[in-house]
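S.K.: Below is the file final.tsv, with TSV, C-alpha atoms.
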chain	number	residue	atom	x	y	z
A	21	MET	CA	-10.96	-17.73	-32.94
A	22	THR	CA	-13.89	-19.93	-32.10
A	23	VAL	CA	-17.14	-18.90	-33.78
A	24	PHE	CA	-20.19	-18.92	-31.51
A	25	PRO	CA	-23.83	-18.33	-32.44
A	26	GLU	CA	-24.88	-14.68	-32.15
A	27	GLU	CA	-26.31	-13.87	-28.74
A	28	PRO	CA	-29.77	-12.84	-29.98
A	29	VAL	CA	-30.00	-16.25	-31.64
A	30	LEU	CA	-29.03	-18.00	-28.40
A	31	GLU	CA	-31.39	-15.87	-26.37
A	32	ALA	CA	-34.36	-16.53	-28.64
A	33	ALA	CA	-33.67	-20.26	-28.79
A	34	VAL	CA	-33.30	-20.54	-25.03
A	35	ARG	CA	-36.42	-18.46	-24.43
A	36	ARG	CA	-38.36	-20.85	-26.64
A	37	ARG	CA	-37.15	-23.91	-24.73
A	38	LEU	CA	-37.51	-22.66	-21.17
A	39	SER	CA	-40.34	-21.69	-18.85
A	40	PRO	CA	-40.46	-17.93	-18.10
A	41	GLY	CA	-39.03	-18.53	-14.62
A	42	ARG	CA	-36.14	-20.64	-15.92
A	43	PHE	CA	-35.49	-18.07	-18.67
A	44	ALA	CA	-35.27	-15.30	-16.06
A	45	HIS	CA	-32.82	-17.46	-14.08
A	46	THR	CA	-30.73	-17.95	-17.22
A	47	VAL	CA	-30.60	-14.19	-17.84
A	48	GLY	CA	-29.39	-13.81	-14.25
A	49	VAL	CA	-26.70	-16.44	-14.81
A	50	VAL	CA	-25.55	-14.71	-18.03
A	51	GLU	CA	-25.18	-11.38	-16.23
A	52	THR	CA	-23.50	-12.87	-13.17
A	53	ALA	CA	-21.18	-15.01	-15.30
A	54	GLU	CA	-20.11	-11.92	-17.24
A	55	GLU	CA	-19.43	-10.03	-14.01
A	56	LEU	CA	-17.38	-12.91	-12.56
A	57	ALA	CA	-15.52	-13.45	-15.83
A	58	ARG	CA	-14.51	-9.78	-16.04
A	59	ARG	CA	-13.44	-9.75	-12.41
A	60	PHE	CA	-11.27	-12.85	-12.64
A	61	GLY	CA	-9.88	-12.52	-16.16
A	62	ILE	CA	-11.92	-15.29	-17.79
A	63	ASP	CA	-13.05	-15.09	-21.45
A	64	VAL	CA	-16.30	-13.09	-21.20
A	65	ARG	CA	-17.69	-14.28	-24.52
A	66	LYS	CA	-17.30	-17.94	-23.57
A	67	ALA	CA	-18.81	-17.26	-20.16
A	68	ARG	CA	-21.91	-15.68	-21.71
A	69	VAL	CA	-22.36	-18.46	-24.28
A	70	ALA	CA	-22.01	-21.19	-21.63
A	71	ALA	CA	-24.38	-19.31	-19.33
A	72	TRP	CA	-27.04	-18.97	-22.05
A	73	LEU	CA	-26.93	-22.68	-22.70
A	74	HIS	CA	-26.29	-24.14	-19.24
A	75	ASP	CA	-29.94	-25.03	-18.58
A	76	VAL	CA	-31.02	-25.46	-22.21
A	77	ALA	CA	-32.29	-29.00	-21.47
A	78	LYS	CA	-33.66	-28.37	-18.00
A	79	ASP	CA	-37.33	-28.00	-18.89
A	80	GLU	CA	-37.48	-31.10	-21.03
A	81	PRO	CA	-39.53	-33.90	-19.50
A	82	ARG	CA	-37.71	-36.93	-18.09
A	83	GLU	CA	-38.79	-39.18	-20.95
A	84	SER	CA	-37.49	-36.76	-23.54
A	85	LEU	CA	-34.15	-36.47	-21.70
A	86	LEU	CA	-33.87	-40.26	-21.58
A	87	LYS	CA	-34.66	-40.48	-25.28
A	88	ARG	CA	-31.99	-37.92	-26.07
A	89	ALA	CA	-29.46	-39.73	-23.87
A	90	GLU	CA	-30.06	-42.86	-25.91
A	91	GLU	CA	-29.94	-40.98	-29.20
A	92	PHE	CA	-26.66	-39.26	-28.17
A	93	GLY	CA	-25.15	-42.53	-26.93
A	94	ILE	CA	-24.80	-41.16	-23.41
A	95	VAL	CA	-24.56	-43.75	-20.64
A	96	PHE	CA	-25.10	-42.13	-17.24
A	97	ASP	CA	-22.93	-43.23	-14.33
A	98	GLU	CA	-24.80	-44.99	-11.52
A	99	ILE	CA	-25.42	-41.88	-9.43
A	100	THR	CA	-26.43	-39.65	-12.35
A	101	ALA	CA	-28.81	-42.35	-13.60
A	102	ARG	CA	-30.71	-42.17	-10.29
A	103	GLN	CA	-30.72	-38.38	-10.01
A	104	ALA	CA	-32.91	-36.96	-12.77
A	105	GLU	CA	-31.88	-33.42	-11.78
A	106	LEU	CA	-28.34	-34.15	-13.06
A	107	TRP	CA	-29.40	-35.25	-16.55
A	108	HIS	CA	-29.91	-31.78	-18.00
A	109	SER	CA	-26.23	-30.84	-17.63
A	110	VAL	CA	-24.93	-33.84	-19.55
A	111	ILE	CA	-27.66	-33.64	-22.21
A	112	GLY	CA	-27.39	-29.85	-22.34
A	113	ALA	CA	-23.70	-30.00	-23.29
A	114	GLU	CA	-24.53	-32.43	-26.08
A	115	ILE	CA	-27.37	-30.21	-27.33
A	116	ALA	CA	-24.97	-27.26	-27.31
A	117	ARG	CA	-22.58	-29.27	-29.46
A	118	ARG	CA	-25.08	-30.80	-31.86
A	119	GLU	CA	-27.80	-28.19	-32.16
A	120	PHE	CA	-25.89	-24.97	-31.53
A	121	GLY	CA	-22.63	-26.01	-33.19
A	122	ILE	CA	-20.52	-25.27	-30.12
A	123	ASP	CA	-17.18	-27.02	-30.50
A	124	ASP	CA	-15.26	-25.20	-27.80
A	125	GLU	CA	-14.46	-27.91	-25.25
A	126	GLU	CA	-14.13	-25.37	-22.41
A	127	VAL	CA	-17.64	-24.08	-22.99
A	128	LEU	CA	-19.02	-27.62	-23.32
A	129	ALA	CA	-17.34	-28.68	-20.06
A	130	ALA	CA	-18.73	-25.62	-18.27
A	131	ILE	CA	-22.24	-26.73	-19.26
A	132	ARG	CA	-21.54	-30.42	-18.60
A	133	TYR	CA	-20.25	-29.90	-15.05
A	134	HIS	CA	-22.30	-26.92	-13.94
A	135	THR	CA	-24.40	-28.91	-11.44
A	136	THR	CA	-21.81	-31.15	-9.77
A	137	GLY	CA	-18.49	-29.46	-10.48
A	138	ARG	CA	-15.51	-31.81	-10.89
A	139	ALA	CA	-11.87	-32.11	-9.86
A	140	GLY	CA	-9.70	-29.54	-11.60
A	141	MET	CA	-12.43	-27.19	-12.82
A	142	SER	CA	-11.23	-24.49	-15.22
A	143	GLY	CA	-11.87	-20.83	-14.41
A	144	LEU	CA	-14.74	-20.87	-16.90
A	145	GLU	CA	-16.28	-23.95	-15.25
A	146	GLN	CA	-16.01	-22.23	-11.87
A	147	VAL	CA	-17.67	-19.09	-13.22
A	148	ILE	CA	-20.69	-20.98	-14.57
A	149	PHE	CA	-20.98	-23.25	-11.52
A	150	LEU	CA	-20.97	-20.25	-9.21
A	151	ALA	CA	-23.12	-17.91	-11.34
A	152	ASP	CA	-25.81	-20.60	-11.40
A	153	ILE	CA	-25.91	-20.56	-7.59
A	154	ILE	CA	-25.57	-16.85	-6.80
A	155	GLU	CA	-27.44	-15.12	-9.68
A	156	PRO	CA	-29.75	-12.39	-8.36
A	157	GLY	CA	-32.87	-14.58	-8.48
A	158	ARG	CA	-31.45	-17.12	-6.02
A	159	GLU	CA	-32.56	-16.90	-2.41
A	160	PHE	CA	-31.36	-19.35	0.23
A	161	PRO	CA	-29.64	-19.12	3.60
A	162	GLY	CA	-25.99	-18.28	2.97
A	163	VAL	CA	-26.35	-16.89	-0.56
A	164	GLU	CA	-25.27	-13.40	0.52
A	165	GLU	CA	-22.08	-14.80	2.05
A	166	LEU	CA	-21.38	-16.64	-1.23
A	167	ARG	CA	-21.94	-13.41	-3.18
A	168	ARG	CA	-19.56	-11.61	-0.86
A	169	ARG	CA	-16.86	-14.27	-1.24
A	170	SER	CA	-17.35	-14.31	-5.01
A	171	ARG	CA	-16.25	-10.67	-5.11
A	172	GLU	CA	-12.79	-11.56	-3.80
A	173	ASP	CA	-11.99	-15.19	-4.41
A	174	LEU	CA	-13.56	-17.21	-7.22
A	175	GLU	CA	-12.18	-20.57	-6.11
A	176	GLY	CA	-12.94	-19.90	-2.44
A	177	ALA	CA	-16.54	-19.09	-3.33
A	178	VAL	CA	-16.81	-22.27	-5.42
A	179	LEU	CA	-15.45	-24.24	-2.44
A	180	ALA	CA	-18.04	-22.71	-0.10
A	181	ALA	CA	-20.81	-23.34	-2.65
A	182	LEU	CA	-19.76	-26.99	-3.03
A	183	GLU	CA	-19.80	-27.45	0.73
A	184	SER	CA	-23.20	-25.87	1.07
A	185	THR	CA	-24.51	-28.07	-1.76
A	186	ILE	CA	-23.01	-31.27	-0.32
A	187	CYS	CA	-24.53	-30.67	3.12
A	188	TYR	CA	-27.87	-29.73	1.53
A	189	VAL	CA	-27.92	-32.98	-0.46
A	190	ILE	CA	-27.14	-34.95	2.71
A	191	ARG	CA	-29.91	-33.22	4.67
A	192	GLN	CA	-32.31	-33.99	1.82
A	193	GLY	CA	-31.28	-37.66	1.80
A	194	GLY	CA	-30.12	-37.39	-1.82
A	195	LEU	CA	-27.27	-39.27	-3.50
A	196	LEU	CA	-23.98	-37.36	-3.50
A	197	HIS	CA	-22.28	-37.28	-6.88
A	198	PRO	CA	-18.59	-38.17	-6.48
A	199	ASP	CA	-17.63	-35.34	-8.85
A	200	ALA	CA	-18.84	-32.77	-6.30
A	201	VAL	CA	-16.72	-34.34	-3.56
A	202	ALA	CA	-13.72	-34.61	-5.89
A	203	ALA	CA	-14.17	-30.94	-6.86
A	204	ARG	CA	-14.03	-29.91	-3.20
A	205	ASN	CA	-11.05	-32.14	-2.37
A	206	HIS	CA	-9.17	-30.82	-5.40
A	207	ILE	CA	-9.62	-27.19	-4.36
A	208	LEU	CA	-8.60	-27.98	-0.76
A	209	LEU	CA	-5.47	-29.75	-2.01
A	210	ARG	CA	-4.59	-26.85	-4.31
A	211	ARG	CA	-4.95	-24.34	-1.49
A	212	SER	CA	-3.11	-26.32	1.21
B	18	MET	CA	-13.00	-72.90	10.65
B	19	THR	CA	-10.64	-69.98	10.74
B	20	VAL	CA	-8.18	-70.01	13.62
B	21	PHE	CA	-7.74	-66.70	15.41
B	22	PRO	CA	-5.29	-65.80	18.16
B	23	GLU	CA	-6.68	-66.37	21.68
B	24	GLU	CA	-8.37	-63.27	23.06
B	25	PRO	CA	-6.03	-62.86	26.06
B	26	VAL	CA	-3.12	-62.80	23.60
B	27	LEU	CA	-4.84	-60.14	21.49
B	28	GLU	CA	-5.77	-58.12	24.54
B	29	ALA	CA	-2.23	-58.15	25.96
B	30	ALA	CA	-0.68	-57.27	22.62
B	31	VAL	CA	-3.09	-54.42	22.03
B	32	ARG	CA	-2.66	-53.11	25.58
B	33	ARG	CA	1.11	-53.00	25.00
B	34	ARG	CA	0.73	-51.01	21.77
B	35	LEU	CA	-1.89	-48.48	22.82
B	36	SER	CA	-2.15	-45.60	25.27
B	37	PRO	CA	-4.43	-46.32	28.25
B	38	GLY	CA	-7.15	-44.10	26.76
B	39	ARG	CA	-7.01	-45.81	23.39
B	40	PHE	CA	-7.00	-49.22	25.07
B	41	ALA	CA	-10.14	-48.28	27.01
B	42	HIS	CA	-11.75	-47.18	23.72
B	43	THR	CA	-10.80	-50.53	22.17
B	44	VAL	CA	-12.40	-52.45	25.06
B	45	GLY	CA	-15.55	-50.40	24.46
B	46	VAL	CA	-15.48	-51.24	20.75
B	47	VAL	CA	-15.05	-54.97	21.50
B	48	GLU	CA	-18.08	-54.95	23.82
B	49	THR	CA	-20.22	-52.86	21.49
B	50	ALA	CA	-19.21	-54.93	18.47
B	51	GLU	CA	-20.21	-58.12	20.28
B	52	GLU	CA	-23.57	-56.60	21.21
B	53	LEU	CA	-24.25	-55.46	17.62
B	54	ALA	CA	-23.05	-58.78	16.17
B	55	ARG	CA	-25.39	-60.77	18.44
B	56	ARG	CA	-28.29	-58.48	17.66
B	57	PHE	CA	-27.88	-58.63	13.88
B	58	GLY	CA	-26.69	-62.21	13.42
B	59	ILE	CA	-23.07	-61.45	12.58
B	60	ASP	CA	-20.20	-63.82	13.58
B	61	VAL	CA	-19.43	-62.71	17.15
B	62	ARG	CA	-15.94	-64.17	17.22
B	63	LYS	CA	-14.92	-62.30	14.06
B	64	ALA	CA	-16.47	-59.12	15.41
B	65	ARG	CA	-14.45	-59.34	18.64
B	66	VAL	CA	-11.18	-60.09	16.83
B	67	ALA	CA	-11.66	-57.23	14.37
B	68	ALA	CA	-12.62	-54.91	17.22
B	69	TRP	CA	-9.51	-55.81	19.26
B	70	LEU	CA	-7.28	-55.03	16.30
B	71	HIS	CA	-9.09	-52.12	14.63
B	72	ASP	CA	-6.86	-49.42	16.18
B	73	VAL	CA	-3.75	-51.56	16.63
B	74	ALA	CA	-1.65	-49.08	14.62
B	75	LYS	CA	-3.29	-45.89	15.84
B	76	ASP	CA	-0.74	-44.86	18.43
B	77	GLU	CA	2.27	-45.34	16.20
B	78	PRO	CA	3.96	-42.11	15.22
B	79	ARG	CA	3.54	-40.83	11.65
B	80	GLU	CA	7.09	-41.72	10.67
B	81	SER	CA	6.68	-45.27	11.86
B	82	LEU	CA	3.40	-45.62	9.94
B	83	LEU	CA	5.06	-44.29	6.80
B	84	LYS	CA	7.96	-46.71	7.24
B	85	ARG	CA	5.54	-49.60	7.62
B	86	ALA	CA	3.57	-48.51	4.56
B	87	GLU	CA	6.79	-48.65	2.56
B	88	GLU	CA	7.81	-51.99	4.07
B	89	PHE	CA	4.34	-53.44	3.34
B	90	GLY	CA	4.32	-52.06	-0.20
B	91	ILE	CA	1.22	-49.97	0.53
B	92	VAL	CA	0.65	-46.98	-1.75
B	93	PHE	CA	-1.96	-44.63	-0.30
B	94	ASP	CA	-4.51	-43.05	-2.60
B	95	GLU	CA	-4.24	-39.27	-2.93
B	96	ILE	CA	-6.73	-38.44	-0.18
B	97	THR	CA	-5.44	-41.04	2.30
B	98	ALA	CA	-1.88	-39.84	1.70
B	99	ARG	CA	-2.89	-36.35	2.90
B	100	GLN	CA	-4.98	-37.50	5.88
B	101	ALA	CA	-2.65	-39.06	8.44
B	102	GLU	CA	-5.66	-40.11	10.55
B	103	LEU	CA	-6.63	-42.61	7.83
B	104	TRP	CA	-3.28	-44.42	7.74
B	105	HIS	CA	-3.81	-46.56	10.84
B	106	SER	CA	-6.74	-48.47	9.28
B	107	VAL	CA	-4.80	-49.54	6.20
B	108	ILE	CA	-1.61	-50.31	8.14
B	109	GLY	CA	-3.60	-51.94	10.95
B	110	ALA	CA	-5.16	-54.49	8.59
B	111	GLU	CA	-1.71	-55.37	7.30
B	112	ILE	CA	-0.34	-55.71	10.86
B	113	ALA	CA	-3.28	-57.99	11.68
B	114	ARG	CA	-2.35	-60.14	8.70
B	115	ARG	CA	1.42	-60.22	9.14
B	116	GLU	CA	1.91	-60.02	12.89
B	117	PHE	CA	-1.26	-61.65	14.21
B	118	GLY	CA	-1.65	-64.20	11.45
B	119	ILE	CA	-5.21	-63.16	10.58
B	120	ASP	CA	-6.09	-64.50	7.15
B	121	ASP	CA	-9.84	-64.01	7.28
B	122	GLU	CA	-10.54	-61.44	4.58
B	123	GLU	CA	-13.76	-60.30	6.23
B	124	VAL	CA	-11.96	-59.45	9.45
B	125	LEU	CA	-9.14	-57.73	7.55
B	126	ALA	CA	-11.65	-55.65	5.54
B	127	ALA	CA	-13.47	-54.64	8.73
B	128	ILE	CA	-10.18	-53.25	10.07
B	129	ARG	CA	-9.14	-51.77	6.74
B	130	TYR	CA	-12.38	-49.80	6.22
B	131	HIS	CA	-13.37	-48.97	9.77
B	132	THR	CA	-12.64	-45.25	9.42
B	133	THR	CA	-14.11	-44.43	6.00
B	134	GLY	CA	-16.52	-47.26	5.28
B	135	ARG	CA	-16.85	-48.24	1.61
B	136	ALA	CA	-19.52	-49.17	-0.93
B	137	GLY	CA	-21.03	-52.57	-0.19
B	138	MET	CA	-19.82	-53.00	3.39
B	139	SER	CA	-20.42	-56.47	4.85
B	140	GLY	CA	-22.38	-56.83	8.08
B	141	LEU	CA	-19.10	-57.31	9.93
B	142	GLU	CA	-17.66	-54.13	8.41
B	143	GLN	CA	-20.79	-52.25	9.46
B	144	VAL	CA	-20.54	-53.59	13.01
B	145	ILE	CA	-16.93	-52.45	13.46
B	146	PHE	CA	-17.52	-49.10	11.73
B	147	LEU	CA	-20.46	-48.37	14.00
B	148	ALA	CA	-19.05	-49.80	17.24
B	149	ASP	CA	-16.04	-47.51	16.79
B	150	ILE	CA	-18.36	-44.49	16.75
B	151	ILE	CA	-20.92	-45.39	19.41
B	152	GLU	CA	-18.90	-47.33	22.05
B	153	PRO	CA	-19.72	-46.11	25.56
B	154	GLY	CA	-16.65	-43.84	25.79
B	155	ARG	CA	-17.75	-41.68	22.84
B	156	GLU	CA	-19.44	-38.39	23.55
B	157	PHE	CA	-20.56	-36.04	20.80
B	158	PRO	CA	-23.80	-34.38	19.78
B	159	GLY	CA	-26.00	-37.00	18.18
B	160	VAL	CA	-24.31	-40.09	19.63
B	161	GLU	CA	-27.40	-41.07	21.66
B	162	GLU	CA	-29.53	-40.97	18.52
B	163	LEU	CA	-27.00	-43.22	16.77
B	164	ARG	CA	-27.07	-45.65	19.72
B	165	ARG	CA	-30.86	-45.68	19.57
B	166	ARG	CA	-30.90	-46.38	15.83
B	167	SER	CA	-28.25	-49.08	16.25
B	168	ARG	CA	-30.69	-51.02	18.41
B	169	GLU	CA	-33.12	-51.42	15.51
B	170	ASP	CA	-31.40	-50.98	12.20
B	171	LEU	CA	-27.68	-51.65	11.69
B	172	GLU	CA	-27.50	-50.28	8.17
B	173	GLY	CA	-29.66	-47.26	9.03
B	174	ALA	CA	-27.36	-46.43	11.93
B	175	VAL	CA	-24.30	-46.78	9.67
B	176	LEU	CA	-25.96	-44.42	7.18
B	177	ALA	CA	-26.64	-41.84	9.89
B	178	ALA	CA	-23.08	-42.21	11.22
B	179	LEU	CA	-21.63	-41.71	7.73
B	180	GLU	CA	-23.71	-38.57	7.26
B	181	SER	CA	-22.69	-37.16	10.59
B	182	THR	CA	-19.03	-37.92	9.79
B	183	ILE	CA	-19.21	-36.39	6.30
B	184	CYS	CA	-20.73	-33.15	7.60
B	185	TYR	CA	-18.21	-33.05	10.47
B	186	VAL	CA	-15.30	-33.40	8.02
B	187	ILE	CA	-16.74	-30.60	5.89
B	188	ARG	CA	-17.17	-28.29	8.88
B	189	GLN	CA	-13.56	-29.01	9.88
B	190	GLY	CA	-12.34	-28.22	6.36
B	191	GLY	CA	-10.93	-31.74	5.97
B	192	LEU	CA	-10.65	-33.80	2.80
B	193	LEU	CA	-13.58	-36.18	2.25
B	194	HIS	CA	-12.53	-39.70	1.39
B	195	PRO	CA	-14.54	-40.92	-1.63
B	196	ASP	CA	-15.08	-44.31	0.09
B	197	ALA	CA	-17.23	-42.63	2.77
B	198	VAL	CA	-19.40	-40.99	0.12
B	199	ALA	CA	-19.63	-44.22	-1.89
B	200	ALA	CA	-20.59	-46.09	1.30
B	201	ARG	CA	-23.47	-43.67	1.91
B	202	ASN	CA	-24.65	-43.71	-1.74
B	203	HIS	CA	-24.56	-47.51	-1.76
B	204	ILE	CA	-26.77	-47.79	1.32
B	205	LEU	CA	-29.22	-45.21	-0.06
B	206	LEU	CA	-29.43	-47.12	-3.35
B	207	ARG	CA	-29.98	-50.41	-1.55
B	208	ARG	CA	-32.77	-48.94	0.55
B	209	SER	CA	-34.57	-47.05	-2.23
Write the structure described by the file as structure tokens, please.
M.R.:
Amino acid sequence: MTVFPEEPVLEAAVRRRLSPGRFAHTVGVVETAEELARRFGIDVRKARVAAWLHDVAKDEPRESLLKRAEEFGIVFDEITARQAELWHSVIGAEIARREFGIDDEEVLAAIRYHTTGRAGMSGLEQVIFLADIIEPGREFPGVEELRRRSREDLEGAVLAALESTICYVIRQGGLLHPDAVAARNHILLRRS
Amino acid sequence: MTVFPEEPVLEAAVRRRLSPGRFAHTVGVVETAEELARRFGIDVRKARVAAWLHDVAKDEPRESLLKRAEEFGIVFDEITARQAELWHSVIGAEIARREFGIDDEEVLAAIRYHTTGRAGMSGLEQVIFLADIIEPGREFPGVEELRRRSREDLEGAVLAALESTICYVIRQGGLLHPDAVAARNHILLRRS
């Protein structure tokens, strides 16, 4: 059985690293991830640990994230390199491994891919991806429909969330990470 | 100087292979491609040849396209394999090469990628991609705006057309070909 840090330790460490608003979001993700994990038979302990740590790097300044990437030997792909808002997921997974001693690859992948998704996401990855988007603090057009779908169909809700994210990125003129598109295609292929 | 088949030969061959509606569309693409090519300094002769042949395989039945793919040794990628509407571009380029003796790689690529686009499209590829979408026979919400943009900015119009296509495919629940997404990212990166 994988050993994880105690939750009060995680909570205190995350609180120290995040702004109050981001910490409140993280608490929302932890609660939502637990709810989704219970509903869909995913390991609740892993879901809570991944949720606590998913944004652990998000409030670090750009320069600090770049320094860590270099220190960790991380080379961003071309799209990630240009989208600073994607860095925290990749760096966050590495911080979870190095500073929190997480060696469970499922938990690390859930942190690593929580912003873009990827083809063939595990149940745990889907839980964290979705909890991040629908936690109670989130407000955007369509979030209620995503919450409704997430009560019946985890993968279907992830699909809808990916589509809403892809169209949002296009409207904003942002780069689309190929992992998000591959995640959507993979779910469509599985369900067809 | 590359030798291409005479236009009356191309026209007659294409007319024989296509339904009247598709032939009319092709004539529209030839005229629009010429217009765009003149405006943006692209080889007009290549643009017309690629336009004549871009849909040469489009009215062949699925089984015939699959047979040709096998005969030509074409292995579709996973997404193309599931989207029959993408087959005609790949097969069409090969028909242009084998049956029409086209050996100009720029012309062949313009046929090959006219449906999805791809990262780093040439001017000729952009002309055919766009002419296919905005030729006078096309009617859809937003086409006038694309025609307007195409009078000033070829690449900008291609970008807008890619975005409109990507969102359309998502709304239809279709698979998104990664080449279309890479085409859009590439243009955004070039322009940033």
S.K.: Kindly provide, as AutoDock Vina command-line options, the centre and edge lengths (Å, one decimal) of an axis-aligned box around all atoms of region 194-204 of chain A given in the file, with 8 Å on each side.
M.R.:
--center_x -21.9 --center_y -34.6 --center_z -5.3 --size_x 32.4 --size_y 25.4 --size_z 23.0
S.K.: Go through chain B and flag each residue having an atom no more than 8 Å from chain A; for those, report the closest pair of atoms plus their distance in Å to one decimal, using all atoms listed in the file, ordered by chain and rising number, as JSON lines.
M.R.:
{"residue": "B:Ile96", "atom": "CA", "partner": "A:Asn205", "partner_atom": "CA", "distance": 7.9}
{"residue": "B:Glu180", "atom": "CA", "partner": "A:Ile190", "partner_atom": "CA", "distance": 6.8}
{"residue": "B:Cys184", "atom": "CA", "partner": "A:Cys187", "partner_atom": "CA", "distance": 6.4}
{"residue": "B:Ile187", "atom": "CA", "partner": "A:Glu183", "partner_atom": "CA", "distance": 6.8}
{"residue": "B:Leu192", "atom": "CA", "partner": "A:Asn205", "partner_atom": "CA", "distance": 5.4}
{"residue": "B:Leu193", "atom": "CA", "partner": "A:Asn205", "partner_atom": "CA", "distance": 6.6}
{"residue": "B:Pro195", "atom": "CA", "partner": "A:Pro198", "partner_atom": "CA", "distance": 6.9}
{"residue": "B:Val198", "atom": "CA", "partner": "A:Leu196", "partner_atom": "CA", "distance": 6.9}
{"residue": "B:Ala199", "atom": "CA", "partner": "A:Pro198", "partner_atom": "CA", "distance": 7.7}
{"residue": "B:Arg201", "atom": "CA", "partner": "A:Leu195", "partner_atom": "CA", "distance": 7.9}
{"residue": "B:Asn202", "atom": "CA", "partner": "A:Leu195", "partner_atom": "CA", "distance": 5.4}
{"residue": "B:Leu205", "atom": "CA", "partner": "A:Leu195", "partner_atom": "CA", "distance": 7.1}
S.K.: Please report the interatomic distance between CA of Val73 (chain B) and CA of Glu102 (chain B) in Å with one decimal.
M.R.: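 Computed distance, CA of Val73 (chain B) to CA of Glu102 (chain B), equals 13.1 Å.
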S.K.: Which of these, B:Leu171, B:Val186, B:Val66, B:Ala127, has the shortest distance to Glu23 (chain B) once you count all atoms listed in the file?
M.R.: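 Result for the nearest residue to Glu23 (chain B): B:Val66.
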S.K.: May I ask for the distance between CA of Ala136 (chain B) and CA of Ile150 (chain B), given in Å to one decimal place?
M.R.: 18.3 Å
S.K.: Skipping near chain neighbours, those fewer than 2 positions away, what residues fall within 9 Å of Ile119 (chain B) using only C-alpha atoms, listed as a CSV table (one decimal) with C-alpha atoms, in the frame of the given file?
M.R.:
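And here is the file that came out, result.csv:
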chain,number,residue,atom,x,y,z
B,19,THR,CA,-10.6,-70.0,10.7
B,20,VAL,CA,-8.2,-70.0,13.6
B,21,PHE,CA,-7.7,-66.7,15.4
B,22,PRO,CA,-5.3,-65.8,18.2
B,110,ALA,CA,-5.2,-54.5,8.6
B,112,ILE,CA,-0.3,-55.7,10.9
B,113,ALA,CA,-3.3,-58.0,11.7
B,114,ARG,CA,-2.4,-60.1,8.7
B,115,ARG,CA,1.4,-60.2,9.1
B,116,GLU,CA,1.9,-60.0,12.9
B,117,PHE,CA,-1.3,-61.6,14.2
B,121,ASP,CA,-9.8,-64.0,7.3
B,122,GLU,CA,-10.5,-61.4,4.6
B,124,VAL,CA,-12.0,-59.4,9.4
B,125,LEU,CA,-9.1,-57.7,7.6
S.K.: Can you list, as an MDAnalysis selection string, every protein, DNA or RNA residue that comes within 9 Å of Ala64 (chain B) when you count only C-alpha atoms, leaving out same-chain residues fewer than 2 positions away?
M.R.: chainID B and resid 47 50:51 53:54 59:62 66:69 124 127 141:142 144:145
S.K.: Figure out the distance between CA of Val110 (chain A) and CA of Phe92 (chain A), please, to one decimal in Å.
M.R.: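 Here the two named atoms are 10.3 Å from each other.
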S.K.: Compare B:Arg39, B:Gly109, B:Leu70, B:Arg65 by their minimum atom-to-atom distance to Ala86 (chain B), counting all atoms listed in the file, and give me the closest one.
M.R.: B:Gly109
S.K.: Hey, what's within 10 Å of Leu103 (chain B) if we count all atoms listed in the file and toss same-chain stuff fewer than 2 positions away? As a list in words, please?
M.R.: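 Final neighbour list, sorted by chain and number: Lys75, Phe93, Ile96, Thr97, Ala98, Arg99, Gln100, Ala101, His105, Ser106, Val107, Ile108, Arg129, Tyr130, His131, Thr132, Thr133 and His194 of chain B.
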S.K.: Write out as a ChimeraX atom specification which residues come within 10 Å of region 152-168 of chain B when counting only C-alpha atoms, dropping same-chain ones fewer than 2 positions away.
M.R.: /B:38,41-50,52-53,56-57,144,147-150,170-178,181
S.K.: Once you have the residues from the selection above, write them out as a JSON list (two decimals), in the coordinates of the input, restricted to C-alpha atoms.
M.R.:
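The resulting file, result19.json, is reproduced below:
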[["chain", "number", "residue", "atom", "x", "y", "z"],
["B", 38, "GLY", "CA", -7.15, -44.10, 26.76],
["B", 41, "ALA", "CA", -10.14, -48.28, 27.01],
["B", 42, "HIS", "CA", -11.75, -47.18, 23.72],
["B", 43, "THR", "CA", -10.80, -50.53, 22.17],
["B", 44, "VAL", "CA", -12.40, -52.45, 25.06],
["B", 45, "GLY", "CA", -15.55, -50.40, 24.46],
["B", 46, "VAL", "CA", -15.48, -51.24, 20.75],
["B", 47, "VAL", "CA", -15.05, -54.97, 21.50],
["B", 48, "GLU", "CA", -18.08, -54.95, 23.82],
["B", 49, "THR", "CA", -20.22, -52.86, 21.49],
["B", 50, "ALA", "CA", -19.21, -54.93, 18.47],
["B", 52, "GLU", "CA", -23.57, -56.60, 21.21],
["B", 53, "LEU", "CA", -24.25, -55.46, 17.62],
["B", 56, "ARG", "CA", -28.29, -58.48, 17.66],
["B", 57, "PHE", "CA", -27.88, -58.63, 13.88],
["B", 144, "VAL", "CA", -20.54, -53.59, 13.01],
["B", 147, "LEU", "CA", -20.46, -48.37, 14.00],
["B", 148, "ALA", "CA", -19.05, -49.80, 17.24],
["B", 149, "ASP", "CA", -16.04, -47.51, 16.79],
["B", 150, "ILE", "CA", -18.36, -44.49, 16.75],
["B", 170, "ASP", "CA", -31.40, -50.98, 12.20],
["B", 171, "LEU", "CA", -27.68, -51.65, 11.69],
["B", 172, "GLU", "CA", -27.50, -50.28, 8.17],
["B", 173, "GLY", "CA", -29.66, -47.26, 9.03],
["B", 174, "ALA", "CA", -27.36, -46.43, 11.93],
["B", 175, "VAL", "CA", -24.30, -46.78, 9.67],
["B", 176, "LEU", "CA", -25.96, -44.42, 7.18],
["B", 177, "ALA", "CA", -26.64, -41.84, 9.89],
["B", 178, "ALA", "CA", -23.08, -42.21, 11.22],
["B", 181, "SER", "CA", -22.69, -37.16, 10.59]]
